[in-house]
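Dropping final38.cif in here (mmCIF, C-alpha atoms):
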```cif
data_work
loop_
_atom_site.label_atom_id
_atom_site.label_comp_id
_atom_site.auth_asym_id
_atom_site.auth_seq_id
_atom_site.Cartn_x
_atom_site.Cartn_y
_atom_site.Cartn_z
CA MET A 1 0.00 0.00 0.00
CA THR A 2 1.04 3.54 -0.75
CA THR A 3 0.15 5.66 2.25
CA ILE A 4 0.68 9.05 3.80
CA ASP A 5 1.27 9.72 7.45
CA THR A 6 -2.05 10.44 9.11
CA ALA A 7 -3.74 9.93 12.43
CA THR A 8 -6.59 7.58 13.23
CA ILE A 9 -9.88 8.83 11.80
CA ARG A 10 -12.57 9.12 14.47
CA VAL A 11 -16.19 10.08 13.95
CA GLU A 12 -19.48 9.79 15.81
CA LEU A 13 -22.45 9.36 13.49
CA PRO A 14 -26.19 9.85 14.12
CA THR A 15 -26.93 6.11 14.30
CA ALA A 16 -24.97 3.04 15.37
CA PHE A 17 -23.13 1.10 12.67
CA ASP A 18 -23.15 -2.67 12.53
CA PRO A 19 -20.34 -3.89 14.83
CA ARG A 20 -19.32 -6.44 12.19
CA TRP A 21 -17.56 -3.66 10.26
CA SER A 22 -14.75 -4.41 12.70
CA ARG A 23 -14.11 -7.60 10.74
CA LEU A 24 -12.28 -5.49 8.17
CA PRO A 25 -8.70 -4.49 9.04
CA GLY A 26 -8.21 -1.06 10.52
CA ILE A 27 -11.82 -0.29 11.41
CA HIS A 28 -13.37 -0.44 14.86
CA VAL A 29 -17.04 0.20 15.58
CA ALA A 30 -18.48 0.95 19.01
CA GLY A 31 -22.09 2.01 18.60
CA ARG A 32 -22.15 5.35 16.81
CA HIS A 33 -18.38 5.77 17.07
CA LEU A 34 -16.13 4.70 14.19
CA ALA A 35 -12.33 4.62 14.36
CA ILE A 36 -10.33 3.96 11.19
CA ASP A 37 -6.58 3.41 11.04
CA PRO A 38 -5.70 4.47 7.48
CA ALA A 39 -2.49 2.42 7.40
CA GLU A 40 -4.45 -0.78 8.06
CA TYR A 41 -7.76 0.04 6.41
CA PHE A 42 -6.77 1.35 2.98
CA PHE A 43 -5.16 -0.57 0.15
CA ARG A 44 -3.99 2.77 -1.24
CA PHE A 45 -4.08 6.06 0.64
CA GLU A 46 -2.29 8.87 -1.13
CA SER A 47 -4.48 11.85 -0.31
CA SER A 48 -5.91 13.13 2.96
CA THR A 49 -7.92 16.01 1.52
CA TRP A 50 -11.45 15.90 0.15
CA LEU A 51 -13.93 18.38 -1.31
CA VAL A 52 -17.19 18.78 0.59
CA ALA A 53 -20.10 21.18 0.86
CA ASP A 54 -22.39 21.75 3.81
CA TRP A 55 -25.31 19.30 3.68
CA ASP A 56 -27.77 21.82 5.11
CA LEU A 57 -26.90 24.16 2.24
CA VAL A 58 -27.43 21.36 -0.26
CA LYS A 59 -30.84 20.67 1.26
CA SER A 60 -31.94 24.30 1.33
CA ARG A 61 -30.40 25.58 -1.92
CA LEU A 62 -30.09 22.66 -4.32
CA LEU A 63 -32.31 19.65 -3.69
CA ASP A 64 -35.51 21.48 -4.64
CA VAL A 65 -34.07 23.40 -7.58
CA ASP A 66 -35.29 22.18 -10.97
CA GLU A 67 -33.19 22.10 -14.10
CA THR A 68 -34.27 24.16 -17.10
CA ALA A 69 -33.65 24.07 -20.83
CA GLU A 70 -30.74 26.44 -20.24
CA SER A 71 -29.27 24.86 -17.09
CA ALA A 72 -29.03 21.08 -16.73
CA VAL A 73 -28.94 19.46 -13.30
CA GLU A 74 -25.24 18.69 -13.75
CA GLN A 75 -24.55 22.41 -14.30
CA LEU A 76 -26.58 23.29 -11.22
CA ALA A 77 -24.50 20.87 -9.15
CA LEU A 78 -21.20 22.07 -10.64
CA ASP A 79 -22.08 25.71 -9.97
CA PHE A 80 -23.08 24.84 -6.41
CA ILE A 81 -19.78 23.06 -5.80
CA LYS A 82 -17.85 26.02 -7.21
CA ASP A 83 -19.72 28.40 -4.92
CA HIS A 84 -19.86 26.31 -1.75
CA GLY A 85 -17.28 23.52 -1.97
CA GLU A 86 -14.50 23.49 0.60
CA SER A 87 -11.30 21.47 0.71
CA THR A 88 -10.95 19.63 4.01
CA SER A 89 -8.43 17.31 5.60
CA ASP A 90 -11.01 16.37 8.26
CA ALA A 91 -12.00 12.83 7.30
CA ALA A 92 -14.60 12.80 10.07
CA ARG A 93 -16.38 15.66 8.31
CA VAL A 94 -16.35 13.70 5.07
CA LEU A 95 -17.90 10.67 6.77
CA ALA A 96 -20.51 12.76 8.57
CA THR A 97 -21.47 14.48 5.33
CA ALA A 98 -21.59 11.17 3.47
CA TYR A 99 -23.87 9.71 6.12
CA GLU A 100 -26.39 12.49 5.47
CA VAL A 101 -26.12 12.06 1.69
CA TYR A 102 -26.81 8.35 1.81
CA ALA A 103 -29.47 8.57 4.52
CA TYR A 104 -31.28 10.72 1.97
CA LEU A 105 -30.58 8.64 -1.14
CA PHE A 106 -31.33 5.27 0.48
CA ARG A 107 -34.37 6.24 2.51
CA ASP A 108 -37.02 3.65 3.23
CA GLU A 109 -39.77 5.30 1.20
CA HIS A 110 -38.15 4.04 -1.99
CA LEU A 111 -38.64 0.38 -1.12
CA ALA A 112 -42.19 0.21 -2.49
CA GLY A 113 -41.14 1.20 -6.00
CA LEU A 114 -37.89 -0.71 -6.17
CA GLY A 115 -39.35 -3.89 -7.65
CA LEU A 116 -37.08 -6.13 -5.58
CA PRO A 117 -39.15 -7.64 -2.76
CA GLN A 118 -36.09 -9.38 -1.32
CA ILE A 119 -34.57 -5.98 -0.51
CA THR A 120 -35.66 -4.76 2.92
CA ALA A 121 -35.17 -1.70 5.07
CA ASP A 122 -32.26 -3.54 6.69
CA HIS A 123 -30.59 -3.86 3.29
CA LEU A 124 -30.94 -0.11 2.82
CA ARG A 125 -29.17 0.36 6.15
CA MET A 126 -26.32 -1.80 4.81
CA LEU A 127 -26.16 0.41 1.73
CA ARG A 128 -26.09 3.57 3.82
CA GLU A 129 -23.25 2.29 5.99
CA ALA A 130 -21.12 0.96 3.13
CA ALA A 131 -21.63 4.03 0.97
CA THR A 132 -20.69 6.29 3.89
CA LEU A 133 -17.33 4.55 4.15
CA MET A 134 -16.87 4.65 0.37
CA ALA A 135 -16.79 8.45 0.54
CA LEU A 136 -13.16 8.25 1.74
CA ASN A 137 -12.17 6.78 -1.63
CA LYS A 138 -10.86 9.41 -4.00
CA VAL A 139 -10.19 10.13 -7.66
CA GLU A 140 -8.05 13.07 -8.76
CA LEU A 141 -8.83 15.43 -11.64
CA ASP A 142 -6.37 13.60 -13.87
CA GLY A 143 -8.32 10.39 -13.26
CA HIS A 144 -5.74 8.85 -10.95
CA ILE A 145 -7.35 6.76 -8.22
CA SER A 146 -5.59 7.98 -5.08
CA ASN A 147 -7.56 6.33 -2.25
CA VAL A 148 -8.92 2.77 -2.28
CA GLY A 149 -10.53 1.08 0.72
CA PRO A 150 -12.31 -2.27 1.05
CA CYS A 151 -15.72 -0.74 0.33
CA TRP A 152 -14.59 0.01 -3.20
CA PHE A 153 -15.36 -3.68 -3.77
CA PHE A 154 -18.94 -3.39 -2.67
CA PRO A 155 -20.20 -7.02 -2.86
CA ALA A 156 -17.03 -8.35 -1.24
CA ALA A 157 -17.13 -5.88 1.66
CA THR A 158 -20.84 -6.31 2.34
CA SER A 159 -20.50 -10.10 2.14
CA VAL A 160 -17.79 -10.02 4.80
CA VAL A 161 -19.57 -7.59 7.11
CA PHE A 162 -23.17 -8.75 6.74
CA ASP A 163 -22.66 -12.47 5.95
CA LEU A 164 -24.32 -12.11 2.55
CA ASP A 165 -24.01 -14.86 -0.04
CA ASP A 166 -22.78 -13.97 -3.52
CA GLU A 167 -26.29 -13.65 -4.97
CA MET A 168 -27.52 -11.21 -2.35
CA GLY A 169 -24.24 -9.32 -2.39
CA GLY A 170 -24.66 -8.84 -6.13
CA THR A 171 -28.31 -7.82 -5.75
CA LEU A 172 -27.36 -5.21 -3.18
CA ASP A 173 -24.73 -3.90 -5.58
CA GLU A 174 -27.40 -3.66 -8.27
CA VAL A 175 -29.53 -1.54 -5.95
CA TYR A 176 -26.50 0.65 -5.23
CA HIS A 177 -25.42 1.32 -8.78
CA GLY A 178 -28.07 0.11 -11.15
CA GLY A 179 -31.40 -0.87 -9.67
CA TRP A 180 -32.52 2.70 -9.07
CA PHE A 181 -30.86 4.12 -12.15
CA ASN A 182 -33.91 5.92 -13.50
CA GLU A 183 -33.97 9.60 -14.26
CA HIS A 184 -35.65 10.65 -11.01
CA ARG A 185 -33.06 8.75 -8.96
CA ARG A 186 -30.22 10.05 -11.13
CA ILE A 187 -31.26 13.65 -10.56
CA GLU A 188 -31.51 13.07 -6.80
CA SER A 189 -28.07 11.49 -6.83
CA ILE A 190 -26.43 14.31 -8.77
CA LYS A 191 -27.81 16.95 -6.43
CA ALA A 192 -27.05 15.05 -3.22
CA HIS A 193 -23.50 14.17 -4.23
CA ALA A 194 -22.68 17.86 -4.58
CA ALA A 195 -22.18 17.66 -0.80
CA LEU A 196 -19.26 15.31 -1.51
CA GLY A 197 -17.77 17.57 -4.15
CA GLY A 198 -18.62 15.67 -7.31
CA ARG A 199 -20.77 13.02 -8.92
CA LEU A 200 -21.01 9.29 -8.37
CA VAL A 201 -19.35 7.34 -11.19
CA HIS A 202 -19.18 3.59 -11.69
CA GLY A 203 -16.69 1.30 -13.32
CA CYS A 204 -19.24 -1.54 -13.36
CA GLN A 205 -21.65 -2.42 -16.12
CA SER A 206 -25.18 -3.60 -15.38
CA VAL A 207 -23.96 -6.84 -13.78
CA PRO A 208 -21.90 -6.38 -10.61
CA ASP A 209 -18.25 -7.11 -11.34
CA GLN A 210 -16.76 -5.23 -8.39
CA THR A 211 -15.19 -2.52 -10.50
CA GLY A 212 -16.60 -0.10 -8.00
CA GLY A 213 -17.95 3.36 -7.67
CA VAL A 214 -16.57 6.59 -6.30
CA VAL A 215 -17.53 10.25 -6.02
CA ALA A 216 -15.33 11.88 -8.66
CA PRO A 217 -14.85 15.60 -9.23
CA TYR A 218 -16.49 17.11 -12.29
CA GLY A 219 -13.90 17.21 -15.04
CA ALA A 220 -11.97 14.13 -13.88
CA SER A 221 -10.53 12.04 -16.70
CA MET A 222 -12.80 9.03 -17.04
CA ALA A 223 -10.41 7.42 -19.52
CA ASN A 224 -7.61 7.34 -16.95
CA PHE A 225 -10.09 6.30 -14.25
CA ARG A 226 -11.22 3.33 -16.37
CA ASP A 227 -7.67 2.26 -17.11
CA GLY A 228 -6.62 2.56 -13.47
CA LEU A 229 -9.44 0.33 -12.26
CA ALA A 230 -8.27 -2.68 -14.21
CA ALA A 231 -4.85 -2.59 -12.60
CA PHE A 232 -5.71 -3.17 -8.96
CA LYS A 233 -8.94 -4.96 -8.29
CA ALA A 234 -8.29 -8.73 -8.44
CA VAL A 235 -5.70 -9.04 -5.65
CA TRP A 236 -7.46 -6.62 -3.35
CA ILE A 237 -10.87 -8.25 -3.79
CA GLU A 238 -9.31 -11.55 -2.75
CA GLN A 239 -7.90 -9.89 0.37
CA VAL A 240 -11.35 -8.55 1.31
CA TYR A 241 -13.01 -11.94 0.90
CA ALA A 242 -10.32 -13.49 3.09
CA HIS A 243 -12.00 -11.84 6.09
CA ARG A 244 -15.27 -13.73 5.71
CA VAL A 245 -16.28 -15.33 8.98
CA THR A 246 -18.88 -17.72 7.57
CA PRO A 247 -18.26 -18.95 4.00
CA ALA A 248 -21.15 -18.02 1.76
CA GLN A 249 -23.29 -20.89 0.57
#
```

Please re-express this file's structure in structure tokens.
Amino acid sequence: MTTIDTATIRVELPTAFDPRWSRLPGIHVAGRHLAIDPAEYFFRFESSTWLVADWDLVKSRLLDVDETAESAVEQLALDFIKDHGESTSDAARVLATAYEVYAYLFRDEHLAGLGLPQITADHLRMLREAATLMALNKVELDGHISNVGPCWFFPAATSVVFDLDDEMGGTLDEVYHGGWFNEHRRIESIKAHAALGGRLVHGCQSVPDQTGGVVAPYGASMANFRDGLAAFKAVWIEQVYAHRVTPAQ
């Protein structure tokens, strides 16, 4: 792992996280308190700064703003980030902001229209927790992937933490990156992710292949991002699965 010298990340979130997140190296959960040792947790950790915007501002000034023929939703989000985005080295702030983003995007009211009866409110909680941790991953403007943690490999990480078999792990990944990919959900996602300084991008196709997703800044090179993904995933996915407590059936 390439790493930079940084202290343990500590944050207290509004709700308790599943204690089984402690199965992954470098992360300890005690109720609402999370402690992450970057040297143990990340496969690659080259940057300790992130771009964020205040979630209350996103709620009050962006979520209810409609795009027009002259200003697409992506432009609205980009302008908001330019006006309100702040660089921070406070990883706890990133996690706290991400929690609010994903509590909004994966709220229980969407279950009825999802079309996947096997997905429950508890599965949405899993999505909220995993996506919150994914916010520490990072892509630079040149497309270089600078931070990679276990939650980059979404089905592997959730299988380890929540004892999911491969089928359910893949289904949960579909809900995360594809199952709600209709225009209404896309617009919600673009606006909400302005709080994390960019937009959610995926390396996966429609079938989960663990190529991952990350909040990337607008203007990041997707060609370099795509090429970088192929170079690292196989070995690191295997390392995540090695922490399974109960082998999936």

Next on the checklist: Here's the selection I'm unsure about, the PyMOL selection byres ((chain A and resi 38) around 12); applied to the file above, which residues does it give, as a PyMOL selection string?
Outcome noted: chain A and resi 1-10+24-28+35-37+39-48+91+136-137+147-150

Item to check | Exercise: A:Phe232 partners within 12 Å, all atoms listed in the file, chain neighbours under 4 positions left out, as a list in words | outcome: Met1, Phe43, Arg44, Ile145, Ser146, Asn147, Val148, Gly149, Trp152, Phe153, Gln210, Thr211, Gly212, Phe225, Arg226, Asp227, Gly228, Trp236, Ile237, Glu238 and Gln239 of chain A

Checklist entry - For A:Ala234, which residue among A:Ala216, A:Ala156, A:Val29, A:Val11 is the nearest when counting only C-alpha atoms? => result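 With only C-alpha atoms as the atom set, the closest residue is A:Ala156.
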
Checklist entry - Expanded to explicit residues, what is the PyMOL selection byres ((chain A and resi 166) around 9) for this file, as a PyMOL selection string? => result chain A and resi 155-156+159+164-165+167-171+248-249

Next on the checklist: Between atom CA of A:Arg93 and atom CA of A:His243, what distance in Å does the model show, to one decimal?
Outcome noted: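 Atom-to-atom, atom CA of A:Arg93 and atom CA of A:His243 are spaced 27.9 Å apart.
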
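The nearest approach to A:Arg185 among the residues A:Val65, A:Val94, A:His110, A:Gly197, with all atoms listed in the file taken into account, belongs to A:His110.
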
7 Å contact set for A:Leu51, all atoms listed in the file, chain neighbours under 2 positions out, as an mmCIF file with C-alpha atoms, in the frame of the given file:
```cif
data_model
loop_
_atom_site.group_PDB
_atom_site.id
_atom_site.type_symbol
_atom_site.label_atom_id
_atom_site.label_comp_id
_atom_site.auth_asym_id
_atom_site.auth_seq_id
_atom_site.Cartn_x
_atom_site.Cartn_y
_atom_site.Cartn_z
ATOM 1 C CA GLY A 85 -17.280 23.520 -1.970
ATOM 2 C CA GLU A 86 -14.500 23.490 0.600
ATOM 3 C CA SER A 87 -11.300 21.470 0.710
ATOM 4 C CA THR A 88 -10.950 19.630 4.010
ATOM 5 C CA LEU A 196 -19.260 15.310 -1.510
ATOM 6 C CA GLY A 197 -17.770 17.570 -4.150
#
```

Next on the checklist: Nearest residue to A:Ala53 out of A:Ala192, A:Met126, A:Leu76, A:Leu114, using all atoms listed in the file?
Outcome noted: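 Checking each of A:Ala192, A:Met126, A:Leu76, A:Leu114 against A:Ala53, counting all atoms listed in the file, the winner is A:Ala192.
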
Checklist entry - Evaluating the PyMOL selection byres ((chain A and resi 16) around 12) on the displayed file yields which residues, as a list in words? => result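 Going through the file, the PyMOL selection byres ((chain A and resi 16) around 12) ends up selecting Val11, Glu12, Leu13, Pro14, Thr15, Phe17, Asp18, Pro19, Arg20, Trp21, Val29, Ala30, Gly31, Arg32, His33, Leu34, Tyr99, Arg125, Met126, Arg128 and Glu129 of chain A.
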
Find the residues near A:Leu111: any atom within 10 Å, counting only C-alpha atoms, skip ones fewer than 4 places away on the same chain, and give them as a short mmCIF file (atom, residue, chain, number, x, y, z; two decimals) with C-alpha atoms, in the coordinates of the input.
```
data_model
loop_
_atom_site.label_atom_id
_atom_site.label_comp_id
_atom_site.auth_asym_id
_atom_site.auth_seq_id
_atom_site.Cartn_x
_atom_site.Cartn_y
_atom_site.Cartn_z
CA PHE A 106 -31.33 5.27 0.48
CA ARG A 107 -34.37 6.24 2.51
CA GLY A 115 -39.35 -3.89 -7.65
CA LEU A 116 -37.08 -6.13 -5.58
CA PRO A 117 -39.15 -7.64 -2.76
CA ILE A 119 -34.57 -5.98 -0.51
CA THR A 120 -35.66 -4.76 2.92
CA ALA A 121 -35.17 -1.70 5.07
CA LEU A 124 -30.94 -0.11 2.82
#
```
